[in-house]
>>> print(open('model_30.txt').read())   # compact mmCIF, C-alpha atoms
# COMPACT_ATOMS: atom_id res chain seq x y z
CA MET A 1 70.71 200.48 81.21
CA SER A 2 73.60 200.93 83.59
CA ASP A 3 77.10 201.82 82.48
CA ILE A 4 78.57 198.55 83.68
CA ARG A 5 76.06 196.56 81.65
CA ARG A 6 76.76 198.64 78.62
CA ALA A 7 80.47 198.13 79.07
CA ARG A 8 80.02 194.35 79.27
CA ARG A 9 77.98 194.41 76.07
CA GLY A 10 80.67 196.50 74.27
CA GLU A 11 78.29 199.45 73.67
CA THR A 12 80.59 202.02 75.21
CA GLY A 13 84.23 203.08 75.04
CA PRO A 14 87.05 202.75 77.62
CA ALA A 15 86.18 206.08 79.32
CA THR A 16 82.65 204.86 80.05
CA ILE A 17 84.01 201.59 81.51
CA ARG A 18 86.36 203.44 83.88
CA LYS A 19 83.48 205.70 85.01
CA ALA A 20 81.25 202.71 85.65
CA ARG A 21 83.96 200.94 87.72
CA VAL A 22 84.45 204.03 89.89
CA ARG A 23 80.71 204.25 90.54
CA LEU A 24 80.50 200.58 91.46
CA LEU A 25 83.45 200.87 93.85
CA ALA A 26 81.90 203.93 95.50
CA SER A 27 78.56 202.17 95.98
CA LEU A 28 80.30 199.09 97.50
CA ILE A 29 82.16 201.33 99.95
CA VAL A 30 78.90 203.03 100.97
CA MET A 31 77.17 199.64 101.48
CA GLY A 32 80.09 198.29 103.52
CA ALA A 33 80.12 201.38 105.71
CA ALA A 34 76.39 201.03 106.29
CA LEU A 35 76.75 197.37 107.31
CA LEU A 36 79.63 198.17 109.67
CA GLY A 37 77.55 200.91 111.23
CA VAL A 38 74.63 198.57 111.84
CA SER A 39 76.86 195.95 113.45
CA ALA A 40 78.56 198.59 115.62
CA ILE A 41 75.16 199.76 116.86
CA ALA A 42 74.18 196.14 117.61
CA ASN A 43 77.42 195.56 119.54
CA ALA A 44 76.88 198.68 121.57
CA ALA A 45 73.46 197.38 122.63
CA GLY A 46 75.05 194.11 124.02
CA PRO A 47 73.57 190.57 124.01
CA VAL A 48 69.87 190.22 124.31
CA ALA A 49 68.95 189.35 127.92
CA ARG A 50 66.91 186.21 128.54
CA ALA A 51 65.27 185.29 131.81
CA ALA A 52 66.92 182.14 133.27
CA ALA A 53 64.58 179.22 133.63
CA ARG A 54 64.17 177.80 137.14
CA VAL A 55 62.84 174.27 137.23
CA ASN A 56 62.14 172.03 140.20
CA ALA A 57 63.29 168.71 138.83
CA LYS A 58 62.75 165.10 139.81
CA ASP A 59 64.33 162.46 137.64
CA GLU A 60 65.04 158.76 137.93
CA ALA A 61 67.35 156.61 135.88
CA LYS A 62 67.78 152.85 135.72
CA LEU A 63 71.30 152.26 134.52
CA HIS A 64 73.01 149.14 133.25
CA PHE A 65 76.69 148.29 133.56
CA VAL A 66 78.89 149.12 130.57
CA HIS A 67 82.52 149.12 131.71
CA ALA A 68 84.70 148.94 134.83
CA SER A 69 88.18 150.13 135.64
CA GLY A 70 89.23 149.17 139.16
CA SER A 71 86.95 150.88 141.64
CA THR A 72 85.23 152.97 138.94
CA LEU A 73 82.14 151.76 137.11
CA ILE A 74 80.54 153.24 134.01
CA ASP A 75 76.80 152.73 133.61
CA GLU A 76 74.29 154.01 131.06
CA GLY A 77 70.54 154.11 130.67
CA HIS A 78 67.42 156.22 130.24
CA ALA A 79 66.21 158.87 132.65
CA THR A 80 62.56 159.68 133.12
CA GLY A 81 61.01 162.68 134.84
CA THR A 82 61.50 166.41 134.39
CA PHE A 83 64.56 166.04 132.16
CA PRO A 84 64.11 162.76 130.31
CA GLY A 85 67.12 161.69 128.28
CA TYR A 86 70.02 159.31 128.02
CA VAL A 87 72.33 159.15 131.04
CA LYS A 88 75.98 158.16 131.30
CA ILE A 89 77.36 157.86 134.83
CA THR A 90 80.84 157.31 136.27
CA PHE A 91 80.46 155.82 139.74
CA THR A 92 83.38 155.41 142.14
CA TYR A 93 83.26 153.15 145.21
CA ASN A 94 86.68 152.43 146.67
CA GLY A 95 85.75 150.84 149.99
CA SER A 96 85.02 154.06 151.81
CA PRO A 97 81.29 154.58 152.52
CA ASN A 98 81.65 157.89 150.67
CA VAL A 99 80.82 157.24 147.05
CA GLY A 100 81.21 159.69 144.17
CA ALA A 101 79.62 160.02 140.77
CA GLN A 102 79.58 162.25 137.71
CA PHE A 103 76.83 161.93 135.20
CA THR A 104 75.57 163.61 132.07
CA ILE A 105 71.98 163.70 130.80
CA TYR A 106 71.88 163.93 127.00
CA ARG A 107 68.81 165.61 125.49
CA SER A 108 67.99 166.91 122.03
CA GLU A 109 68.51 170.56 123.14
CA GLY A 110 71.82 169.88 124.90
CA SER A 111 73.33 168.07 127.86
CA ILE A 112 73.40 168.65 131.62
CA ARG A 113 76.46 167.67 133.65
CA VAL A 114 76.06 166.74 137.33
CA ARG A 115 78.54 165.91 140.08
CA ALA A 116 77.32 163.85 143.02
CA SER A 117 78.62 162.53 146.32
CA GLY A 118 76.90 160.34 148.83
CA THR A 119 77.19 157.88 151.66
CA LEU A 120 76.60 154.21 151.10
CA SER A 121 75.13 152.08 153.87
CA SER A 122 75.20 148.30 154.46
CA PRO A 123 78.13 147.36 152.22
CA THR A 124 77.48 143.63 152.62
CA ASN A 125 73.94 144.00 151.36
CA PRO A 126 73.60 142.73 147.77
CA SER A 127 72.00 146.08 146.87
CA PRO A 128 73.17 148.78 149.26
CA SER A 129 71.50 152.17 149.06
CA PHE A 130 73.20 155.54 149.09
CA LYS A 131 72.13 159.13 149.47
CA GLY A 132 73.85 162.46 149.18
CA ASN A 133 73.95 165.69 147.24
CA VAL A 134 74.22 166.71 143.61
CA THR A 135 75.65 169.84 142.05
CA ILE A 136 74.87 170.82 138.48
CA ILE A 137 78.17 171.90 136.97
CA GLY A 138 77.15 173.00 133.50
CA GLY A 139 76.21 171.49 130.22
CA SER A 140 75.98 172.22 126.55
CA GLY A 141 73.51 173.74 124.09
CA ARG A 142 70.47 175.15 125.83
CA TYR A 143 71.94 174.04 129.19
CA ALA A 144 75.40 175.53 128.64
CA HIS A 145 75.05 177.71 131.75
CA ALA A 146 73.01 175.26 133.82
CA HIS A 147 73.58 175.33 137.54
CA GLY A 148 71.77 174.27 140.67
CA GLY A 149 71.72 171.37 143.09
CA GLY A 150 69.68 168.95 145.07
CA GLN A 151 69.54 165.53 146.65
CA LEU A 152 70.69 162.17 145.37
CA TYR A 153 69.18 158.80 146.21
CA GLY A 154 70.35 155.54 144.73
CA VAL A 155 70.77 151.79 144.88
CA PHE A 156 73.92 149.94 143.79
CA TYR A 157 73.43 146.35 142.69
CA ARG A 158 76.70 144.68 143.65
CA ARG A 159 76.08 141.53 141.61
CA SER A 160 75.24 143.17 138.27
CA TYR A 161 76.88 146.61 138.84
CA ALA A 162 73.57 148.20 137.85
CA LEU A 163 72.45 151.46 139.44
CA VAL A 164 69.13 153.13 140.11
CA VAL A 165 69.59 156.85 140.70
CA GLN A 166 66.99 159.44 141.67
CA VAL A 167 67.73 163.16 141.75
CA GLN A 168 65.52 165.88 143.20
CA GLY A 169 66.57 169.49 143.01
CA THR A 170 66.43 172.87 141.34
CA VAL A 171 67.93 173.58 137.94
CA TYR A 172 68.64 177.07 136.56
CA TYR A 173 69.47 177.41 132.88
CA MET B 1 110.73 137.66 131.25
CA ARG B 2 110.93 140.09 134.12
CA THR B 3 110.62 138.65 137.62
CA ALA B 4 108.06 140.40 139.78
CA GLY B 5 109.11 138.76 143.02
CA LEU B 6 111.13 140.76 145.48
CA THR B 7 113.34 139.69 148.30
CA LEU B 8 114.02 141.67 151.40
CA ALA B 9 117.47 141.68 152.89
CA VAL B 10 117.88 142.96 156.42
CA LEU B 11 121.07 144.95 156.76
CA ALA B 12 121.81 146.60 160.08
CA GLY B 13 118.17 147.04 160.93
CA THR B 14 117.01 148.48 157.60
CA VAL B 15 115.14 146.64 154.93
CA GLU B 16 116.32 146.85 151.37
CA VAL B 17 114.16 145.75 148.49
CA CYS B 18 116.01 143.76 145.90
CA GLU B 19 114.84 142.22 142.68
CA ALA B 20 114.78 138.47 143.18
CA SER B 21 116.31 137.51 139.85
CA THR B 22 119.24 139.91 139.81
CA GLY B 23 119.71 141.02 143.38
CA THR B 24 119.70 144.62 142.11
CA ARG B 25 118.70 147.06 144.83
CA ILE B 26 115.66 149.02 143.66
CA GLY B 27 114.52 150.78 146.78
CA ARG B 28 114.78 151.16 150.52
CA VAL B 29 111.81 150.66 152.78
CA GLY B 30 111.30 151.92 156.28
CA SER B 31 113.87 153.15 158.73
CA PRO B 32 115.84 151.41 161.48
CA SER B 33 113.85 153.09 164.23
CA SER B 34 110.49 151.90 162.95
CA LEU B 35 111.56 148.36 162.15
CA THR B 36 112.33 146.46 165.29
CA GLY B 37 110.44 143.28 164.48
CA PRO B 38 111.72 140.15 162.78
CA PRO B 39 112.59 140.24 159.05
CA THR B 40 109.48 139.92 156.91
CA ARG B 41 108.88 139.15 153.25
CA LEU B 42 105.78 139.84 151.16
CA HIS B 43 104.83 138.31 147.85
CA ALA B 44 101.65 139.37 146.05
CA ALA B 45 100.08 138.39 142.74
CA PHE B 46 96.97 139.00 140.66
CA ILE B 47 95.42 135.89 139.14
CA PRO B 48 94.69 136.47 136.28
CA LYS B 49 96.65 139.66 135.56
CA ARG B 50 94.69 141.41 132.80
CA LEU B 51 94.06 145.16 132.71
CA GLY B 52 90.41 146.10 133.16
CA ALA B 53 89.43 142.54 134.06
CA ALA B 54 88.28 140.96 137.30
CA SER B 55 90.94 139.14 139.24
CA SER B 56 91.83 137.59 142.57
CA ILE B 57 94.69 138.79 144.72
CA SER B 58 96.99 136.40 146.49
CA PHE B 59 99.50 137.46 149.10
CA THR B 60 102.05 135.60 151.19
CA VAL B 61 103.81 137.03 154.22
CA ASN B 62 106.79 135.19 155.67
CA ILE B 63 108.13 136.11 159.09
CA ASP B 64 111.63 134.79 159.60
CA PRO B 65 112.06 133.44 163.10
CA PRO B 66 115.12 134.61 164.99
CA ALA B 67 118.09 132.24 165.23
CA LEU B 68 117.56 131.86 168.96
CA GLY B 69 114.05 131.46 170.30
CA GLU B 70 110.67 131.85 168.66
CA PRO B 71 109.32 134.93 166.80
CA PRO B 72 107.15 137.30 168.81
CA PRO B 73 103.38 136.85 168.45
CA LEU B 74 101.74 139.04 165.83
CA SER B 75 99.13 141.61 166.90
CA ALA B 76 98.16 143.37 163.64
CA ILE B 77 98.78 143.40 159.89
CA ASP B 78 98.19 146.38 157.62
CA PHE B 79 98.21 145.56 153.92
CA SER B 80 98.48 148.59 151.66
CA TYR B 81 97.49 148.48 148.01
CA PRO B 82 96.74 151.03 145.27
CA SER B 83 93.34 152.55 146.05
CA GLY B 84 92.22 152.20 142.43
CA LEU B 85 91.83 148.44 142.79
CA GLY B 86 88.20 147.36 142.81
CA PHE B 87 87.96 145.59 146.16
CA ALA B 88 84.66 147.25 147.07
CA THR B 89 83.20 146.66 143.61
CA SER B 90 84.35 143.03 143.52
CA GLY B 91 80.92 141.53 144.18
CA LEU B 92 82.51 139.61 147.06
CA GLY B 93 80.79 139.52 150.43
CA LEU B 94 77.14 139.87 149.46
CA ALA B 95 76.09 138.59 152.88
CA SER B 96 77.64 138.94 156.30
CA CYS B 97 78.66 136.30 158.80
CA ASP B 98 78.07 136.56 162.53
CA PRO B 99 81.49 136.55 164.27
CA ALA B 100 80.22 134.79 167.40
CA ARG B 101 78.67 131.97 165.38
CA LEU B 102 81.79 131.75 163.22
CA GLU B 103 83.99 131.29 166.26
CA GLY B 104 81.62 128.82 167.89
CA GLU B 105 80.45 126.72 164.94
CA GLY B 106 83.08 127.28 162.28
CA ALA B 107 82.71 128.12 158.59
CA ALA B 108 79.45 126.15 158.26
CA ALA B 109 77.72 128.89 160.25
CA CYS B 110 78.31 131.47 157.53
CA PRO B 111 76.22 132.01 154.39
CA ALA B 112 77.95 130.99 151.16
CA ASN B 113 77.62 134.55 149.83
CA SER B 114 79.72 135.86 152.73
CA MET B 115 82.80 133.83 151.72
CA MET B 116 85.51 136.10 150.31
CA GLY B 117 88.58 133.91 150.11
CA ALA B 118 90.74 131.23 151.67
CA GLY B 119 94.31 130.47 152.62
CA HIS B 120 96.59 128.85 155.11
CA ALA B 121 99.10 129.81 157.77
CA VAL B 122 102.01 128.25 159.58
CA VAL B 123 102.43 128.86 163.30
CA GLN B 124 105.12 127.86 165.77
CA VAL B 125 104.10 126.28 169.02
CA VAL B 126 106.47 125.73 171.94
CA PHE B 127 105.97 122.07 172.82
CA GLY B 128 108.16 121.18 175.79
CA PRO B 129 111.77 121.74 174.79
CA ASP B 130 110.90 121.78 171.08
CA ILE B 131 109.31 124.25 168.72
CA VAL B 132 106.69 122.53 166.58
CA GLN B 133 105.16 123.91 163.38
CA GLU B 134 101.41 123.72 162.95
CA GLN B 135 99.44 124.11 159.73
CA VAL B 136 96.38 126.32 160.04
CA SER B 137 93.62 126.74 157.48
CA LEU B 138 92.16 130.19 156.84
CA ALA B 139 88.74 131.18 155.58
CA LEU B 140 87.82 134.80 154.83
CA PHE B 141 84.26 136.07 155.28
CA ALA B 142 82.47 139.39 155.13
CA GLY B 143 81.48 140.57 158.58
CA PRO B 144 78.73 142.87 159.75
CA SER B 145 79.38 146.57 159.15
CA ALA B 146 78.17 149.34 161.41
CA ASP B 147 80.27 152.10 159.87
CA GLY B 148 79.76 151.62 156.13
CA TYR B 149 83.20 150.07 155.57
CA LEU B 150 83.61 146.47 154.45
CA HIS B 151 84.60 144.32 157.41
CA LEU B 152 86.34 140.97 157.13
CA LEU B 153 86.40 138.00 159.46
CA ILE B 154 89.28 135.56 159.10
CA LEU B 155 88.73 132.16 160.62
CA ALA B 156 91.95 130.35 161.54
CA SER B 157 91.51 126.67 162.42
CA GLY B 158 94.33 124.45 163.63
CA GLY B 159 94.34 120.81 164.71
CA GLU B 160 97.62 119.56 166.14
CA PRO B 161 99.37 120.02 168.50
CA VAL B 162 97.14 122.90 169.57
CA GLU B 163 93.50 122.64 168.58
CA ALA B 164 92.24 126.16 168.27
CA ARG B 165 89.78 128.22 166.30
CA ILE B 166 90.28 131.94 166.35
CA VAL B 167 88.60 134.76 164.46
CA MET B 168 90.62 137.73 163.29
CA ALA B 169 88.80 140.94 162.43
CA GLY B 170 89.73 143.11 159.47
CA VAL B 171 88.47 146.25 157.83
CA LEU B 172 88.84 147.29 154.22
CA LEU B 173 89.72 150.97 154.00
CA PRO B 174 90.58 152.77 150.76
CA GLY B 175 94.08 151.51 149.98
CA HIS B 176 94.40 149.47 153.18
CA LEU B 177 93.30 146.18 154.67
CA GLN B 178 93.82 146.25 158.42
CA ILE B 179 93.70 142.96 160.33
CA THR B 180 93.80 142.62 164.10
CA VAL B 181 95.28 139.37 165.39
CA PRO B 182 94.22 138.28 168.87
CA PRO B 183 96.75 136.49 171.13
CA VAL B 184 96.63 132.73 170.66
CA PRO B 185 97.54 130.94 173.89
CA GLY B 186 99.94 128.02 173.53
CA LEU B 187 100.17 124.98 175.74
CA PRO B 188 99.91 125.61 179.50
CA GLY B 189 103.01 127.37 180.75
CA ALA B 190 104.33 128.00 177.23
CA PRO B 191 104.49 131.30 175.33
CA ALA B 192 101.74 132.33 172.93
CA VAL B 193 101.59 130.82 169.45
CA ALA B 194 103.66 132.73 166.88
CA LEU B 195 102.79 133.12 163.21
CA THR B 196 105.58 132.50 160.71
CA GLN B 197 103.71 132.41 157.41
CA ILE B 198 100.33 133.54 156.16
CA GLN B 199 99.04 132.97 152.64
CA ALA B 200 95.58 134.13 151.60
CA THR B 201 93.66 134.75 148.41
CA LEU B 202 90.80 137.22 148.11
CA GLY B 203 88.43 136.09 145.40
CA GLY B 204 89.15 133.01 143.32
CA ALA B 205 87.02 129.90 142.95
CA LEU B 206 84.01 130.85 145.09
CA THR B 207 80.43 129.80 144.53
CA TYR B 208 77.63 132.23 145.33
CA HIS B 209 73.89 131.77 145.01
CA GLU B 210 71.10 134.09 143.95
CA ARG B 211 67.41 133.68 143.46
CA VAL B 212 66.21 134.46 139.93
CA ARG B 213 62.46 134.19 139.26
CA GLY B 214 62.04 131.89 142.24
CA ARG B 215 64.92 129.60 141.32
CA LEU B 216 68.18 129.43 143.22
CA ILE B 217 71.09 129.56 140.82
CA SER B 218 74.82 129.35 141.47
CA TYR B 219 77.38 131.67 140.02
CA ARG B 220 81.00 132.73 140.49
CA PRO B 221 81.47 136.29 141.81
CA LYS B 222 83.43 138.61 139.51
CA GLY B 223 86.38 139.35 141.76
CA ILE B 224 88.64 142.33 142.25
CA GLY B 225 88.59 144.67 139.29
CA LEU B 226 91.95 145.76 137.95
CA PRO B 227 92.22 149.26 136.49
CA ALA B 228 92.31 149.71 132.72
CA SER B 229 95.85 151.06 133.01
CA CYS B 230 98.85 149.94 135.03
CA PRO B 231 100.70 152.47 137.20
CA ARG B 232 104.26 153.27 136.14
CA GLY B 233 106.52 150.65 137.67
CA GLY B 234 103.67 148.30 138.55
CA TRP B 235 101.33 147.98 141.50
CA ARG B 236 103.09 148.56 144.81
CA LEU B 237 101.77 146.64 147.78
CA GLY B 238 103.05 146.66 151.32
CA ALA B 239 102.57 144.86 154.61
CA THR B 240 103.28 146.40 157.99
CA LEU B 241 103.28 143.93 160.85
CA ALA B 242 102.93 144.89 164.49
CA PHE B 243 104.08 142.43 167.15
CA MET B 244 103.14 142.07 170.77
CA GLY B 245 105.81 143.84 172.74
CA GLY B 246 105.96 146.75 170.32
CA GLY B 247 108.10 145.49 167.44
CA GLN B 248 107.20 146.36 163.85
CA SER B 249 108.25 145.01 160.48
CA HIS B 250 107.54 146.17 156.96
CA ALA B 251 107.79 144.48 153.61
CA GLN B 252 106.71 145.41 150.15
CA ASP B 253 106.28 143.86 146.76
CA VAL B 254 105.63 145.12 143.28
CA ILE B 255 103.27 143.35 140.92
CA ALA B 256 104.71 144.06 137.50
CA CYS B 257 102.45 145.41 134.75
CA PRO B 258 101.18 142.77 132.35
CA ALA B 259 103.09 142.47 129.11
CA ARG B 260 101.52 144.44 126.26
CA ARG B 261 100.00 142.35 123.55
CA ARG B 262 101.72 142.92 120.25
CA PRO B 263 99.40 143.18 117.26
CA ALA B 264 99.64 140.21 114.95
CA ARG B 265 101.66 140.75 111.79
CA GLY B 266 99.59 141.69 108.80
CA ALA B 267 96.59 142.57 110.99
>>> encode(input="model_30.txt", output="structure tokens")
Amino acid sequence: MSDIRRARRGETGPATIRKARVRLLASLIVMGAALLGVSAIANAAGPVARAAARVNAKDEAKLHFVHASGSTLIDEGHATGTFPGYVKITFTYNGSPNVGAQFTIYRSEGSIRVRASGTLSSPTNPSPSFKGNVTIIGGSGRYAHAHGGGQLYGVFYRRSYALVVQVQGTVYY
Amino acid sequence: MRTAGLTLAVLAGTVEVCEASTGTRIGRVGSPSSLTGPPTRLHAAFIPKRLGAASSISFTVNIDPPALGEPPPLSAIDFSYPSGLGFATSGLGLASCDPARLEGEGAAACPANSMMGAGHAVVQVVFGPDIVQEQVSLALFAGPSADGYLHLLILASGGEPVEARIVMAGVLLPGHLQITVPPVPGLPGAPAVALTQIQATLGGALTYHERVRGRLISYRPKGIGLPASCPRGGWRLGATLAFMGGGQSHAQDVIACPARRRPARGA
């Protein structure tokens, strides 16, 4: 039976209790030093390297109108393809044929943020098409360091404010 | 209630913007060197004026004729507006009208879905020794676009004393609506017709048609989307008018922010 247990059960005198406390303190110090040493060694080794994934992606999203503020529309919907998920897009069309968009694909492992710009043709068409480029600007979770780019193709439905967006490109994460 | 209307007072060649209700000077527009045309006033309004909602925009430009003689004929108008307004996302102009057919056959030649607004104008016609005012109706249509910008066609039709139908071309740029006004010949031997007032509304009570599952249904296009927030001091709009002979006038107006709704007591 250890000294500290004996002390708790009242089987020893005050001298035994003091001795037991000293031993316990010493063993805690040794354990703490050992843990610190392990963590120092781990820090010296640096983060574990992981090969970045490179994926040729092709995704399409059919988005419905949610909200508008002046020349900016906010649409949402589901994306299908290489990165299926829920998409929220902010689409800006201010009269110039150059349209801009920012969208985020939400997936269970994280989100991917994309910036896009394109040129819209036939503005008096009820559903003018646009095409341009996309740049992946980051994300969260598994895609926190996502980057890459590609092409953007889309159709803007001027009556309903709906959008169909297709993206083809390369994603690194 | 605050008055949004502004008056412009011409003092020694400069234009000063004054609040209509109080006469308080709130800003100075332009410079004497750039403003050599007749005094001009602009009034603009959103109907309805609700943040984040679709609206129509109405504007009126008055050109004050000089005390002696008639005002010079107009050659171009440049309306400036905050670029955040949703003109391009208004759902107006879902078809385009052929300008040649519009000039030859009138508004009936244009598809209903190309109609973007309406208005009227007042012109002065030199009729012998007198100057006669003529009422002109305006109809605004979407025109064909070769450059990706929204193009407008404005049909001006007058009856008496000068029967004329002219088509003005406009282009909607971010923050600007530029309209080119062709010369309108007056009676033989008389100077060209001069515009003294133009009032037009983009949006409003328009009827469009769409085919849904084989059936043609009518609907009202949404109109110009207002931003969810109002810029500090309101929306500033301007009109720069260029006249034949080189003169230029400028006017501006401020559409005040809508009053904030106060929450009901006890809510």
>>> residues_around(input="model_30.txt", residues="range 126-139 of chain A", least_positions_apart="6", cutoff="6 Å", atoms="only C-alpha atoms", output="list in words")
Ser111, Ile112, Arg113, Val114, Arg115, Ala116, Ser117, Gly118, Thr119, Leu120, His145, Ala146, His147, Gly148, Gly149, Gly150, Gln151, Leu152, Tyr153, Gly154, Val155, Phe156, Tyr157 and Arg158 of chain A; Leu94 of chain B
>>> interface_residues(input="model_30.txt", of="chain B", to="chain A", cutoff="9 Å", atoms="only C-alpha atoms", output="VMD selection string")
chain B and resid 51 to 54 83 to 96 114 142 to 151 172 to 175 221 to 222 224 to 229
>>> atom_distance(input="model_30.txt", atom1="CA of Val171 in chain B", atom2="CA of Arg101 in chain B")
18.9 Å
>>> residues_around(input="model_30.txt", residues="Arg142 in chain A", least_positions_apart="4", cutoff="8 Å", atoms="all atoms listed in the file", output="ChimeraX atom specification")
/A:109-111,173
>>> residues_around(input="model_30.txt", residues="range 67-79 of chain B", least_positions_apart="6", cutoff="9 Å", atoms="all atoms listed in the file", output="PDB file with C-alpha atoms, keeping the file's coordinate frame")
ATOM      1  CA  GLY B  37     110.440 143.280 164.480  1.00  0.00           C
ATOM      2  CA  PRO B  38     111.720 140.150 162.780  1.00  0.00           C
ATOM      3  CA  GLN B 124     105.120 127.860 165.770  1.00  0.00           C
ATOM      4  CA  VAL B 125     104.100 126.280 169.020  1.00  0.00           C
ATOM      5  CA  VAL B 126     106.470 125.730 171.940  1.00  0.00           C
ATOM      6  CA  ILE B 131     109.310 124.250 168.720  1.00  0.00           C
ATOM      7  CA  GLY B 175      94.080 151.510 149.980  1.00  0.00           C
ATOM      8  CA  HIS B 176      94.400 149.470 153.180  1.00  0.00           C
ATOM      9  CA  LEU B 177      93.300 146.180 154.670  1.00  0.00           C
ATOM     10  CA  GLN B 178      93.820 146.250 158.420  1.00  0.00           C
ATOM     11  CA  ILE B 179      93.700 142.960 160.330  1.00  0.00           C
ATOM     12  CA  THR B 180      93.800 142.620 164.100  1.00  0.00           C
ATOM     13  CA  VAL B 181      95.280 139.370 165.390  1.00  0.00           C
ATOM     14  CA  PRO B 182      94.220 138.280 168.870  1.00  0.00           C
ATOM     15  CA  PRO B 183      96.750 136.490 171.130  1.00  0.00           C
ATOM     16  CA  VAL B 184      96.630 132.730 170.660  1.00  0.00           C
ATOM     17  CA  PRO B 191     104.490 131.300 175.330  1.00  0.00           C
ATOM     18  CA  ALA B 192     101.740 132.330 172.930  1.00  0.00           C
ATOM     19  CA  VAL B 193     101.590 130.820 169.450  1.00  0.00           C
ATOM     20  CA  ALA B 194     103.660 132.730 166.880  1.00  0.00           C
ATOM     21  CA  LEU B 195     102.790 133.120 163.210  1.00  0.00           C
ATOM     22  CA  THR B 196     105.580 132.500 160.710  1.00  0.00           C
ATOM     23  CA  LEU B 237     101.770 146.640 147.780  1.00  0.00           C
ATOM     24  CA  GLY B 238     103.050 146.660 151.320  1.00  0.00           C
ATOM     25  CA  ALA B 239     102.570 144.860 154.610  1.00  0.00           C
ATOM     26  CA  THR B 240     103.280 146.400 157.990  1.00  0.00           C
ATOM     27  CA  LEU B 241     103.280 143.930 160.850  1.00  0.00           C
ATOM     28  CA  ALA B 242     102.930 144.890 164.490  1.00  0.00           C
ATOM     29  CA  PHE B 243     104.080 142.430 167.150  1.00  0.00           C
ATOM     30  CA  MET B 244     103.140 142.070 170.770  1.00  0.00           C
ATOM     31  CA  GLY B 245     105.810 143.840 172.740  1.00  0.00           C
ATOM     32  CA  GLY B 247     108.100 145.490 167.440  1.00  0.00           C
TER      33      GLY B 247
END
>>> residues_around(input="model_30.txt", residues="Ile89 in chain A", least_positions_apart="6", cutoff="9 Å", atoms="all atoms listed in the file", output="list of chain:residue names")
A:Leu63, A:Leu73, A:Ile74, A:Asp75, A:Glu76, A:Gly77, A:Ala101, A:Gln102, A:Phe103, A:Thr104, A:Ile105
>>> atom_distance(input="model_30.txt", atom1="CA of Gln197 in chain B", atom2="CA of Cys257 in chain B")
26.2 Å
>>> atom_distance(input="model_30.txt", atom1="CA of Ser58 in chain B", atom2="CA of Tyr219 in chain B")
21.2 Å
>>> closest_residue(input="model_30.txt", among="A:Ala52, A:Ala144, A:Val171, A:Val66", to="Val87 in chain A", atoms="only C-alpha atoms")
A:Val66
>>> residues_around(input="model_30.txt", residues="range 78-82 of chain A", least_positions_apart="4", cutoff="10 Å", atoms="only C-alpha atoms", output="list of chain:residue names")
A:Val55, A:Asn56, A:Ala57, A:Lys58, A:Asp59, A:Glu60, A:Ala61, A:Lys62, A:Leu63, A:His64, A:Tyr86, A:Val87, A:Lys88, A:Ile105, A:Tyr106, A:Val164, A:Val165, A:Gln166, A:Val167, A:Gln168
>>> closest_residue(input="model_30.txt", among="B:Pro111, B:Pro129, B:Gly223, B:Gly234", to="His209 in chain B", atoms="all atoms listed in the file")
B:Pro111
